[in-house]
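Trainee: Contents of query.pdb (PDB, C-alpha atoms) are below:
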```pdb
ATOM      1  CA  MET A   1      56.959  46.533 -25.238  1.00  0.00           C
ATOM      2  CA  THR A   2      55.183  43.418 -26.497  1.00  0.00           C
ATOM      3  CA  GLN A   3      56.600  41.209 -29.240  1.00  0.00           C
ATOM      4  CA  ALA A   4      53.753  42.361 -31.525  1.00  0.00           C
ATOM      5  CA  GLN A   5      54.643  46.023 -30.931  1.00  0.00           C
ATOM      6  CA  ALA A   6      58.332  45.329 -31.551  1.00  0.00           C
ATOM      7  CA  SER A   7      57.453  43.460 -34.727  1.00  0.00           C
ATOM      8  CA  LEU A   8      55.301  46.368 -35.942  1.00  0.00           C
ATOM      9  CA  ILE A   9      58.104  48.860 -35.271  1.00  0.00           C
ATOM     10  CA  ASP A  10      60.597  46.638 -37.117  1.00  0.00           C
ATOM     11  CA  GLN A  11      58.131  46.234 -39.989  1.00  0.00           C
ATOM     12  CA  LYS A  12      57.757  50.013 -40.363  1.00  0.00           C
ATOM     13  CA  LYS A  13      61.497  50.550 -40.111  1.00  0.00           C
ATOM     14  CA  MET A  14      62.256  47.890 -42.730  1.00  0.00           C
ATOM     15  CA  ASP A  15      59.413  49.011 -45.038  1.00  0.00           C
ATOM     16  CA  THR A  16      60.947  52.463 -45.411  1.00  0.00           C
ATOM     17  CA  LYS A  17      62.096  52.959 -48.970  1.00  0.00           C
ATOM     18  CA  ASP A  18      65.388  54.550 -49.872  1.00  0.00           C
ATOM     19  CA  PRO A  19      64.634  58.103 -51.091  1.00  0.00           C
ATOM     20  CA  ALA A  20      67.230  57.722 -53.861  1.00  0.00           C
ATOM     21  CA  THR A  21      65.457  54.672 -55.356  1.00  0.00           C
ATOM     22  CA  SER A  22      61.898  54.835 -53.983  1.00  0.00           C
ATOM     23  CA  ASP A  23      60.413  55.571 -57.422  1.00  0.00           C
ATOM     24  CA  ARG A  24      61.888  52.375 -58.906  1.00  0.00           C
ATOM     25  CA  GLU A  25      61.825  49.777 -56.139  1.00  0.00           C
ATOM     26  CA  LEU A  26      59.616  47.025 -54.828  1.00  0.00           C
ATOM     27  CA  HIS A  27      60.032  46.201 -51.162  1.00  0.00           C
ATOM     28  CA  LEU A  28      58.311  43.585 -49.056  1.00  0.00           C
ATOM     29  CA  ASN A  29      58.852  42.223 -45.549  1.00  0.00           C
ATOM     30  CA  LYS A  30      57.499  38.983 -44.213  1.00  0.00           C
ATOM     31  CA  ILE A  31      57.848  37.161 -40.916  1.00  0.00           C
ATOM     32  CA  LEU A  32      58.259  33.527 -41.922  1.00  0.00           C
ATOM     33  CA  ASP A  33      57.297  30.745 -39.568  1.00  0.00           C
ATOM     34  CA  ALA A  34      60.629  28.927 -39.908  1.00  0.00           C
ATOM     35  CA  GLN A  35      64.056  29.207 -38.369  1.00  0.00           C
ATOM     36  CA  ILE A  36      66.665  31.138 -40.290  1.00  0.00           C
ATOM     37  CA  GLU A  37      68.741  28.060 -41.181  1.00  0.00           C
ATOM     38  CA  LEU A  38      65.815  26.524 -43.071  1.00  0.00           C
ATOM     39  CA  VAL A  39      64.901  29.799 -44.766  1.00  0.00           C
ATOM     40  CA  TRP A  40      68.528  30.180 -45.859  1.00  0.00           C
ATOM     41  CA  ARG A  41      68.609  26.629 -47.263  1.00  0.00           C
ATOM     42  CA  VAL A  42      65.466  27.090 -49.355  1.00  0.00           C
ATOM     43  CA  PHE A  43      67.033  30.207 -50.913  1.00  0.00           C
ATOM     44  CA  THR A  44      70.467  28.686 -51.554  1.00  0.00           C
ATOM     45  CA  GLU A  45      69.834  25.031 -52.486  1.00  0.00           C
ATOM     46  CA  PRO A  46      68.505  24.504 -56.034  1.00  0.00           C
ATOM     47  CA  ASP A  47      66.406  21.455 -55.078  1.00  0.00           C
ATOM     48  CA  HIS A  48      64.478  23.616 -52.609  1.00  0.00           C
ATOM     49  CA  LEU A  49      64.315  26.836 -54.616  1.00  0.00           C
ATOM     50  CA  ALA A  50      62.929  25.092 -57.705  1.00  0.00           C
ATOM     51  CA  ASN A  51      59.866  24.089 -55.679  1.00  0.00           C
ATOM     52  CA  TRP A  52      58.639  27.566 -54.757  1.00  0.00           C
ATOM     53  CA  TRP A  53      60.325  30.289 -56.842  1.00  0.00           C
ATOM     54  CA  GLY A  54      58.185  32.547 -59.004  1.00  0.00           C
ATOM     55  CA  PRO A  55      54.600  33.729 -59.199  1.00  0.00           C
ATOM     56  CA  ASP A  56      51.602  31.405 -58.983  1.00  0.00           C
ATOM     57  CA  GLY A  57      51.462  28.772 -61.719  1.00  0.00           C
ATOM     58  CA  PHE A  58      55.183  28.871 -62.547  1.00  0.00           C
ATOM     59  CA  THR A  59      57.611  25.965 -62.282  1.00  0.00           C
ATOM     60  CA  ASN A  60      61.390  26.112 -62.596  1.00  0.00           C
ATOM     61  CA  THR A  61      64.372  24.378 -64.075  1.00  0.00           C
ATOM     62  CA  ILE A  62      67.603  25.528 -62.469  1.00  0.00           C
ATOM     63  CA  GLU A  63      70.608  25.069 -64.717  1.00  0.00           C
ATOM     64  CA  THR A  64      73.252  26.780 -62.572  1.00  0.00           C
ATOM     65  CA  MET A  65      73.148  28.133 -59.036  1.00  0.00           C
ATOM     66  CA  ASP A  66      76.552  29.034 -57.639  1.00  0.00           C
ATOM     67  CA  VAL A  67      75.657  30.973 -54.472  1.00  0.00           C
ATOM     68  CA  LYS A  68      78.831  32.990 -53.892  1.00  0.00           C
ATOM     69  CA  PRO A  69      80.001  36.463 -54.919  1.00  0.00           C
ATOM     70  CA  GLY A  70      80.458  36.396 -58.684  1.00  0.00           C
ATOM     71  CA  GLY A  71      78.524  33.127 -58.952  1.00  0.00           C
ATOM     72  CA  ASP A  72      76.115  32.549 -61.806  1.00  0.00           C
ATOM     73  CA  TRP A  73      72.432  31.719 -61.401  1.00  0.00           C
ATOM     74  CA  VAL A  74      70.654  30.534 -64.528  1.00  0.00           C
ATOM     75  CA  LEU A  75      67.107  29.242 -64.460  1.00  0.00           C
ATOM     76  CA  THR A  76      64.163  28.824 -66.769  1.00  0.00           C
ATOM     77  CA  MET A  77      60.758  29.666 -65.415  1.00  0.00           C
ATOM     78  CA  HIS A  78      57.958  27.714 -67.093  1.00  0.00           C
ATOM     79  CA  GLY A  79      54.832  29.837 -67.178  1.00  0.00           C
ATOM     80  CA  PRO A  80      51.227  28.718 -66.938  1.00  0.00           C
ATOM     81  CA  ASP A  81      50.886  30.112 -70.479  1.00  0.00           C
ATOM     82  CA  GLY A  82      53.226  27.341 -71.733  1.00  0.00           C
ATOM     83  CA  LYS A  83      56.085  29.764 -72.406  1.00  0.00           C
ATOM     84  CA  ASN A  84      59.595  29.453 -71.012  1.00  0.00           C
ATOM     85  CA  TYR A  85      61.266  32.477 -69.462  1.00  0.00           C
ATOM     86  CA  LYS A  86      65.047  32.286 -69.276  1.00  0.00           C
ATOM     87  CA  ASN A  87      66.559  34.171 -66.317  1.00  0.00           C
ATOM     88  CA  ARG A  88      70.145  34.953 -65.441  1.00  0.00           C
ATOM     89  CA  ALA A  89      71.605  36.621 -62.379  1.00  0.00           C
ATOM     90  CA  ILE A  90      75.028  37.102 -60.822  1.00  0.00           C
ATOM     91  CA  TYR A  91      75.417  36.978 -57.061  1.00  0.00           C
ATOM     92  CA  ARG A  92      77.044  40.177 -55.856  1.00  0.00           C
ATOM     93  CA  GLU A  93      77.120  39.570 -52.088  1.00  0.00           C
ATOM     94  CA  VAL A  94      76.469  36.493 -49.968  1.00  0.00           C
ATOM     95  CA  ILE A  95      76.742  36.585 -46.172  1.00  0.00           C
ATOM     96  CA  PRO A  96      75.517  33.235 -44.811  1.00  0.00           C
ATOM     97  CA  LEU A  97      72.313  33.472 -42.775  1.00  0.00           C
ATOM     98  CA  GLU A  98      72.234  37.274 -43.226  1.00  0.00           C
ATOM     99  CA  LYS A  99      72.208  38.625 -46.761  1.00  0.00           C
ATOM    100  CA  ILE A 100      72.031  37.793 -50.461  1.00  0.00           C
ATOM    101  CA  VAL A 101      72.397  40.416 -53.188  1.00  0.00           C
ATOM    102  CA  PHE A 102      72.140  39.544 -56.870  1.00  0.00           C
ATOM    103  CA  ASP A 103      71.964  41.424 -60.145  1.00  0.00           C
ATOM    104  CA  HIS A 104      69.300  40.159 -62.554  1.00  0.00           C
ATOM    105  CA  PHE A 105      69.609  40.696 -66.298  1.00  0.00           C
ATOM    106  CA  ALA A 106      66.779  41.446 -68.748  1.00  0.00           C
ATOM    107  CA  PRO A 107      65.021  43.123 -67.049  1.00  0.00           C
ATOM    108  CA  ALA A 108      67.832  44.773 -65.113  1.00  0.00           C
ATOM    109  CA  PHE A 109      67.295  44.965 -61.375  1.00  0.00           C
ATOM    110  CA  THR A 110      69.183  44.270 -58.155  1.00  0.00           C
ATOM    111  CA  THR A 111      67.610  42.164 -55.434  1.00  0.00           C
ATOM    112  CA  THR A 112      68.661  42.410 -51.798  1.00  0.00           C
ATOM    113  CA  LEU A 113      67.433  39.771 -49.367  1.00  0.00           C
ATOM    114  CA  LEU A 114      68.000  40.325 -45.646  1.00  0.00           C
ATOM    115  CA  PHE A 115      67.442  37.468 -43.204  1.00  0.00           C
ATOM    116  CA  GLU A 116      66.952  38.216 -39.503  1.00  0.00           C
ATOM    117  CA  PRO A 117      66.303  35.533 -36.867  1.00  0.00           C
ATOM    118  CA  ARG A 118      63.261  36.016 -34.624  1.00  0.00           C
ATOM    119  CA  GLY A 119      63.438  33.005 -32.330  1.00  0.00           C
ATOM    120  CA  THR A 120      61.688  30.222 -34.238  1.00  0.00           C
ATOM    121  CA  GLN A 121      60.767  32.645 -37.024  1.00  0.00           C
ATOM    122  CA  THR A 122      62.698  34.647 -39.619  1.00  0.00           C
ATOM    123  CA  ASN A 123      62.124  38.213 -40.766  1.00  0.00           C
ATOM    124  CA  LEU A 124      62.760  38.420 -44.499  1.00  0.00           C
ATOM    125  CA  SER A 125      63.232  41.785 -46.174  1.00  0.00           C
ATOM    126  CA  TRP A 126      63.072  41.537 -49.968  1.00  0.00           C
ATOM    127  CA  LYS A 127      63.935  44.597 -52.057  1.00  0.00           C
ATOM    128  CA  MET A 128      64.166  44.860 -55.845  1.00  0.00           C
ATOM    129  CA  VAL A 129      65.640  48.047 -57.328  1.00  0.00           C
ATOM    130  CA  PHE A 130      65.169  48.488 -61.066  1.00  0.00           C
ATOM    131  CA  GLU A 131      67.731  50.197 -63.269  1.00  0.00           C
ATOM    132  CA  THR A 132      65.369  53.002 -64.335  1.00  0.00           C
ATOM    133  CA  VAL A 133      61.948  54.389 -63.430  1.00  0.00           C
ATOM    134  CA  GLU A 134      60.774  53.571 -66.956  1.00  0.00           C
ATOM    135  CA  LEU A 135      61.824  49.935 -66.616  1.00  0.00           C
ATOM    136  CA  PHE A 136      60.161  49.714 -63.202  1.00  0.00           C
ATOM    137  CA  THR A 137      56.917  51.095 -64.648  1.00  0.00           C
ATOM    138  CA  VAL A 138      56.910  48.659 -67.562  1.00  0.00           C
ATOM    139  CA  VAL A 139      57.731  45.626 -65.413  1.00  0.00           C
ATOM    140  CA  VAL A 140      55.105  46.477 -62.806  1.00  0.00           C
ATOM    141  CA  LYS A 141      52.350  47.489 -65.249  1.00  0.00           C
ATOM    142  CA  THR A 142      52.975  44.892 -67.954  1.00  0.00           C
ATOM    143  CA  PHE A 143      54.235  41.924 -65.973  1.00  0.00           C
ATOM    144  CA  LYS A 144      52.647  42.805 -62.600  1.00  0.00           C
ATOM    145  CA  ALA A 145      55.952  42.294 -60.759  1.00  0.00           C
ATOM    146  CA  ASP A 146      54.445  43.705 -57.575  1.00  0.00           C
ATOM    147  CA  GLU A 147      51.747  41.008 -57.523  1.00  0.00           C
ATOM    148  CA  GLY A 148      54.336  38.409 -58.541  1.00  0.00           C
ATOM    149  CA  LEU A 149      56.560  39.320 -55.598  1.00  0.00           C
ATOM    150  CA  VAL A 150      53.675  38.876 -53.165  1.00  0.00           C
ATOM    151  CA  GLN A 151      52.779  35.524 -54.754  1.00  0.00           C
ATOM    152  CA  ASN A 152      56.435  34.454 -54.638  1.00  0.00           C
ATOM    153  CA  ILE A 153      56.830  35.196 -50.944  1.00  0.00           C
ATOM    154  CA  ASN A 154      53.495  33.481 -50.184  1.00  0.00           C
ATOM    155  CA  LYS A 155      54.674  30.392 -52.088  1.00  0.00           C
ATOM    156  CA  LEU A 156      57.863  30.502 -50.022  1.00  0.00           C
ATOM    157  CA  ALA A 157      55.874  30.613 -46.762  1.00  0.00           C
ATOM    158  CA  ASP A 158      53.709  27.710 -47.928  1.00  0.00           C
ATOM    159  CA  TYR A 159      56.753  25.668 -48.960  1.00  0.00           C
ATOM    160  CA  LEU A 160      58.443  26.306 -45.608  1.00  0.00           C
ATOM    161  CA  SER A 161      55.362  24.967 -43.802  1.00  0.00           C
ATOM    162  CA  LYS A 162      55.739  21.699 -45.718  1.00  0.00           C
ATOM    163  CA  VAL A 163      59.477  21.136 -45.210  1.00  0.00           C
ATOM    164  CA  HIS A 164      59.545  21.663 -41.434  1.00  0.00           C
TER
END
```
Please, can you express the file's structure as structure tokens?
Mentor:
Amino acid sequence: MTQAQASLIDQKKMDTKDPATSDRELHLNKILDAQIELVWRVFTEPDHLANWWGPDGFTNTIETMDVKPGGDWVLTMHGPDGKNYKNRAIYREVIPLEKIVFDHFAPAFTTTLLFEPRGTQTNLSWKMVFETVELFTVVVKTFKADEGLVQNINKLADYLSKVH
């Protein structure tokens, strides 16, 4: 089996949604052209994360980022519309170089990030599960969270190419 075939199989396996939450989740996988240690750092160090987090046109001010179970993460996203969007999350699970799970408040969703080394690359699986189907629908239709997630992960890939 070639590496491309193995990657495609892994992509399909990881893209499978959980039947219990499939109607209220966003899920995206991306092979990042950076080693896992760097990918981990840009997710867990505020000076890195502030440079790429959020959809296109957004900048960030990180007030608190305590990456450990029970740790608080408070940031303000500054939108291209001139508005500030306060965000708060609590880290639920942190396994270095493997997994981050956090609960976001208003809107309520849980994000699970899985990091898997692939030689000089990293497979990132990013899943957001919203509290209700109704909330999912509003956030996706009104705020275009699905497009925002794609933009966010593309900004991450671009940032990683600059910090190598």
Trainee: Find the distance between CA of Asp72 in chain A and CA of Val101 in chain A and write it in Å to one decimal.
Mentor: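 So the two atoms, CA of Asp72 in chain A and CA of Val101 in chain A, lie 12.2 Å apart.
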Trainee: For the structure provided, state which residues fall under the PyMOL selection byres ((chain A and resi 53) around 9), and present them as a list in words.
Mentor: Phe43, His48, Leu49, Ala50, Asn51, Trp52, Gly54, Pro55, Phe58, Thr59, Asn60, Met77, Asn152, Ile153, Lys155 and Leu156 of chain A
Trainee: Applied to the shown file, which residues does the PyMOL selection byres ((chain A and resi 123) around 8) return, written as a list in words?
Mentor: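 For this structure, the PyMOL selection byres ((chain A and resi 123) around 8) captures Asn29, Lys30, Ile31, Leu32, Leu114, Phe115, Glu116, Pro117, Arg118, Gln121, Thr122, Leu124 and Ser125 of chain A.
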Trainee: So how many Å separate CA of Ile36 in chain A and CA of Ser22 in chain A, to one decimal?
Mentor: 27.8 Å
Trainee: Do a neighbour search on range 162-164 of chain A at 10 Å with only C-alpha atoms, toss out local chain neighbours closer than 5 positions, and write the hits as a VMD selection string.
Mentor: chain A and resid 33 to 35 38 42 48 157
Trainee: Go ahead and compute the interatomic distance for CA of Leu149 in chain A and CA of Pro19 in chain A, in Å to one decimal.
Mentor: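 Spanning CA of Leu149 in chain A to CA of Pro19 in chain A is a straight-line distance of 20.9 Å.
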Trainee: Step by step, work through what the PyMOL selection byres ((chain A and resi 107) around 9) selects in the shown file, and finish by giving those residues as a list of chain:residue names.
Mentor: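 This file, filtered by the PyMOL selection byres ((chain A and resi 107) around 9), leaves A:His104, A:Phe105, A:Ala106, A:Ala108, A:Phe109, A:Phe130, A:Glu131, A:Leu135, A:Val139.
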Trainee: Can you tell me which residues surround range 80-96 of chain A at a distance of at most 7 Å, considering all atoms listed in the file, apart from same-chain residues fewer than 6 positions away, and format the answer as a short mmCIF file (atom, residue, chain, number, x, y, z; two decimals) with C-alpha atoms, keeping the file's coordinate frame?
Mentor:
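Listing of result-v5.cif after writing:
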```cif
data_model
loop_
_atom_site.label_atom_id
_atom_site.label_comp_id
_atom_site.auth_asym_id
_atom_site.auth_seq_id
_atom_site.Cartn_x
_atom_site.Cartn_y
_atom_site.Cartn_z
CA GLY A 57 51.46 28.77 -61.72
CA PHE A 58 55.18 28.87 -62.55
CA VAL A 67 75.66 30.97 -54.47
CA LYS A 68 78.83 32.99 -53.89
CA PRO A 69 80.00 36.46 -54.92
CA GLY A 70 80.46 36.40 -58.68
CA GLY A 71 78.52 33.13 -58.95
CA ASP A 72 76.11 32.55 -61.81
CA TRP A 73 72.43 31.72 -61.40
CA VAL A 74 70.65 30.53 -64.53
CA PHE A 102 72.14 39.54 -56.87
CA ASP A 103 71.96 41.42 -60.14
CA HIS A 104 69.30 40.16 -62.55
CA PHE A 105 69.61 40.70 -66.30
#
```
Trainee: When you count all atoms listed in the file, which of these residues is closest to Ala20 in chain A: A:Val133, A:Thr142, A:Glu37, A:Ser161?
Mentor: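 Ranking A:Val133, A:Thr142, A:Glu37, A:Ser161 by distance to Ala20 in chain A, first place goes to A:Val133.
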Trainee: My list of candidates is A:Asp56, A:Asp146, A:Asp158, A:Asp66. Which is closest to Thr44 in chain A when distances are computed with all atoms listed in the file?
Mentor: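 Going through A:Asp56, A:Asp146, A:Asp158, A:Asp66 one by one, the smallest distance to Thr44 in chain A is for A:Asp66.
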Trainee: For range 24-148 of chain A of the structure just presented, write C-alpha atoms to a file, as an mmCIF file, in the first residue's frame.
Mentor:
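out36.cif, written as the output of this step:
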```cif
data_model
loop_
_atom_site.group_PDB
_atom_site.id
_atom_site.type_symbol
_atom_site.label_atom_id
_atom_site.label_comp_id
_atom_site.auth_asym_id
_atom_site.auth_seq_id
_atom_site.Cartn_x
_atom_site.Cartn_y
_atom_site.Cartn_z
ATOM 1 C CA ARG A 24 -24.756 18.547 15.332
ATOM 2 C CA GLU A 25 -21.044 18.250 14.601
ATOM 3 C CA LEU A 26 -18.423 19.764 12.362
ATOM 4 C CA HIS A 27 -15.448 17.559 11.604
ATOM 5 C CA LEU A 28 -12.368 18.270 9.542
ATOM 6 C CA ASN A 29 -9.060 16.477 9.007
ATOM 7 C CA LYS A 30 -5.926 18.008 7.610
ATOM 8 C CA ILE A 31 -2.422 16.715 7.010
ATOM 9 C CA LEU A 32 -0.194 19.589 8.090
ATOM 10 C CA ASP A 33 3.276 19.987 6.673
ATOM 11 C CA ALA A 34 4.937 20.310 10.088
ATOM 12 C CA GLN A 35 6.166 17.951 12.756
ATOM 13 C CA ILE A 36 3.855 17.258 15.655
ATOM 14 C CA GLU A 37 5.964 19.167 18.201
ATOM 15 C CA LEU A 38 5.553 22.407 16.244
ATOM 16 C CA VAL A 39 1.848 21.832 15.634
ATOM 17 C CA TRP A 40 1.390 21.206 19.362
ATOM 18 C CA ARG A 41 3.260 24.414 20.257
ATOM 19 C CA VAL A 42 1.156 26.605 17.968
ATOM 20 C CA PHE A 43 -1.990 25.240 19.652
ATOM 21 C CA THR A 44 -0.731 25.557 23.234
ATOM 22 C CA GLU A 45 1.411 28.724 23.313
ATOM 23 C CA PRO A 46 -0.580 31.989 23.309
ATOM 24 C CA ASP A 47 2.063 33.907 21.322
ATOM 25 C CA HIS A 48 1.663 31.413 18.475
ATOM 26 C CA LEU A 49 -2.087 30.853 18.679
ATOM 27 C CA ALA A 50 -2.865 34.580 18.587
ATOM 28 C CA ASN A 51 -1.267 34.757 15.137
ATOM 29 C CA TRP A 52 -3.543 32.304 13.336
ATOM 30 C CA TRP A 53 -6.697 31.522 15.347
ATOM 31 C CA GLY A 54 -10.085 32.309 13.844
ATOM 32 C CA PRO A 55 -11.625 32.846 10.434
ATOM 33 C CA ASP A 56 -10.128 35.116 7.782
ATOM 34 C CA GLY A 57 -9.824 38.757 8.827
ATOM 35 C CA PHE A 58 -9.888 38.091 12.581
ATOM 36 C CA THR A 59 -7.142 38.963 15.053
ATOM 37 C CA ASN A 60 -6.914 37.886 18.684
ATOM 38 C CA THR A 61 -6.077 39.074 22.145
ATOM 39 C CA ILE A 62 -5.503 36.181 24.521
ATOM 40 C CA GLU A 63 -6.122 37.102 28.135
ATOM 41 C CA THR A 64 -5.729 33.661 29.726
ATOM 42 C CA MET A 65 -4.582 30.340 28.309
ATOM 43 C CA ASP A 66 -3.923 27.697 30.942
ATOM 44 C CA VAL A 67 -3.570 24.520 28.851
ATOM 45 C CA LYS A 68 -4.310 21.824 31.432
ATOM 46 C CA PRO A 69 -7.457 19.985 32.531
ATOM 47 C CA GLY A 70 -9.684 22.544 34.228
ATOM 48 C CA GLY A 71 -7.610 25.413 32.828
ATOM 49 C CA ASP A 72 -9.285 28.566 31.584
ATOM 50 C CA TRP A 73 -8.916 29.979 28.079
ATOM 51 C CA VAL A 74 -10.204 33.505 27.578
ATOM 52 C CA LEU A 75 -9.671 35.404 24.358
ATOM 53 C CA THR A 76 -11.205 38.241 22.415
ATOM 54 C CA MET A 77 -11.494 37.838 18.688
ATOM 55 C CA HIS A 78 -11.434 41.151 16.819
ATOM 56 C CA GLY A 79 -13.565 40.869 13.710
ATOM 57 C CA PRO A 80 -13.066 42.556 10.362
ATOM 58 C CA ASP A 81 -16.392 44.289 11.092
ATOM 59 C CA GLY A 82 -14.708 46.178 13.978
ATOM 60 C CA LYS A 83 -16.585 44.211 16.644
ATOM 61 C CA ASN A 84 -14.980 42.303 19.496
ATOM 62 C CA TYR A 85 -16.104 38.764 20.245
ATOM 63 C CA LYS A 86 -15.305 37.546 23.744
ATOM 64 C CA ASN A 87 -14.698 33.782 23.983
ATOM 65 C CA ARG A 88 -14.245 31.524 26.972
ATOM 66 C CA ALA A 89 -13.415 27.841 27.150
ATOM 67 C CA ILE A 90 -12.330 25.344 29.788
ATOM 68 C CA TYR A 91 -9.838 22.639 28.903
ATOM 69 C CA ARG A 92 -11.318 19.249 29.709
ATOM 70 C CA GLU A 93 -8.495 16.943 28.577
ATOM 71 C CA VAL A 94 -4.899 17.594 27.558
ATOM 72 C CA ILE A 95 -2.568 14.764 26.533
ATOM 73 C CA PRO A 96 0.683 16.306 25.258
ATOM 74 C CA LEU A 97 1.314 15.740 21.550
ATOM 75 C CA GLU A 98 -1.904 13.685 21.254
ATOM 76 C CA LYS A 99 -5.149 15.340 22.282
ATOM 77 C CA ILE A 100 -6.837 18.538 23.438
ATOM 78 C CA VAL A 101 -10.501 18.695 24.437
ATOM 79 C CA PHE A 102 -12.159 21.931 25.517
ATOM 80 C CA ASP A 103 -15.669 23.116 26.265
ATOM 81 C CA HIS A 104 -16.575 26.468 24.701
ATOM 82 C CA PHE A 105 -19.275 28.678 26.192
ATOM 83 C CA ALA A 106 -21.779 30.840 24.289
ATOM 84 C CA PRO A 107 -22.262 29.143 21.908
ATOM 85 C CA ALA A 108 -21.927 25.835 23.730
ATOM 86 C CA PHE A 109 -19.824 23.242 21.955
ATOM 87 C CA THR A 110 -17.016 20.802 22.713
ATOM 88 C CA THR A 111 -13.924 20.708 20.533
ATOM 89 C CA THR A 112 -11.701 17.646 20.275
ATOM 90 C CA LEU A 113 -8.331 17.985 18.569
ATOM 91 C CA LEU A 114 -6.360 14.823 17.798
ATOM 92 C CA PHE A 115 -2.720 15.076 16.737
ATOM 93 C CA GLU A 116 -1.061 12.144 14.963
ATOM 94 C CA PRO A 117 2.552 12.180 13.735
ATOM 95 C CA ARG A 118 3.145 11.261 10.086
ATOM 96 C CA GLY A 119 6.916 11.482 9.778
ATOM 97 C CA THR A 120 7.621 15.145 9.052
ATOM 98 C CA GLN A 121 3.891 15.881 8.885
ATOM 99 C CA THR A 122 1.009 15.837 11.368
ATOM 100 C CA ASN A 123 -2.531 14.580 10.864
ATOM 101 C CA LEU A 124 -4.924 16.887 12.691
ATOM 102 C CA SER A 125 -8.490 15.797 13.364
ATOM 103 C CA TRP A 126 -10.684 18.687 14.510
ATOM 104 C CA LYS A 127 -14.216 17.958 15.718
ATOM 105 C CA MET A 128 -16.744 20.398 17.179
ATOM 106 C CA VAL A 129 -19.911 18.965 18.744
ATOM 107 C CA PHE A 130 -22.644 21.479 19.513
ATOM 108 C CA GLU A 131 -24.967 21.141 22.484
ATOM 109 C CA THR A 132 -28.124 20.879 20.353
ATOM 110 C CA VAL A 133 -29.114 20.456 16.707
ATOM 111 C CA GLU A 134 -30.847 23.839 16.869
ATOM 112 C CA LEU A 135 -27.688 25.558 18.096
ATOM 113 C CA PHE A 136 -25.629 23.815 15.415
ATOM 114 C CA THR A 137 -28.052 25.002 12.726
ATOM 115 C CA VAL A 138 -27.993 28.601 13.935
ATOM 116 C CA VAL A 139 -24.205 28.733 14.282
ATOM 117 C CA VAL A 140 -23.609 27.191 10.864
ATOM 118 C CA LYS A 141 -26.301 29.159 9.002
ATOM 119 C CA THR A 142 -25.897 32.512 10.750
ATOM 120 C CA PHE A 143 -22.201 32.581 11.558
ATOM 121 C CA LYS A 144 -21.005 30.147 8.853
ATOM 122 C CA ALA A 145 -18.995 28.113 11.382
ATOM 123 C CA ASP A 146 -18.313 25.452 8.764
ATOM 124 C CA GLU A 147 -16.589 27.978 6.484
ATOM 125 C CA GLY A 148 -14.855 29.511 9.507
#
```
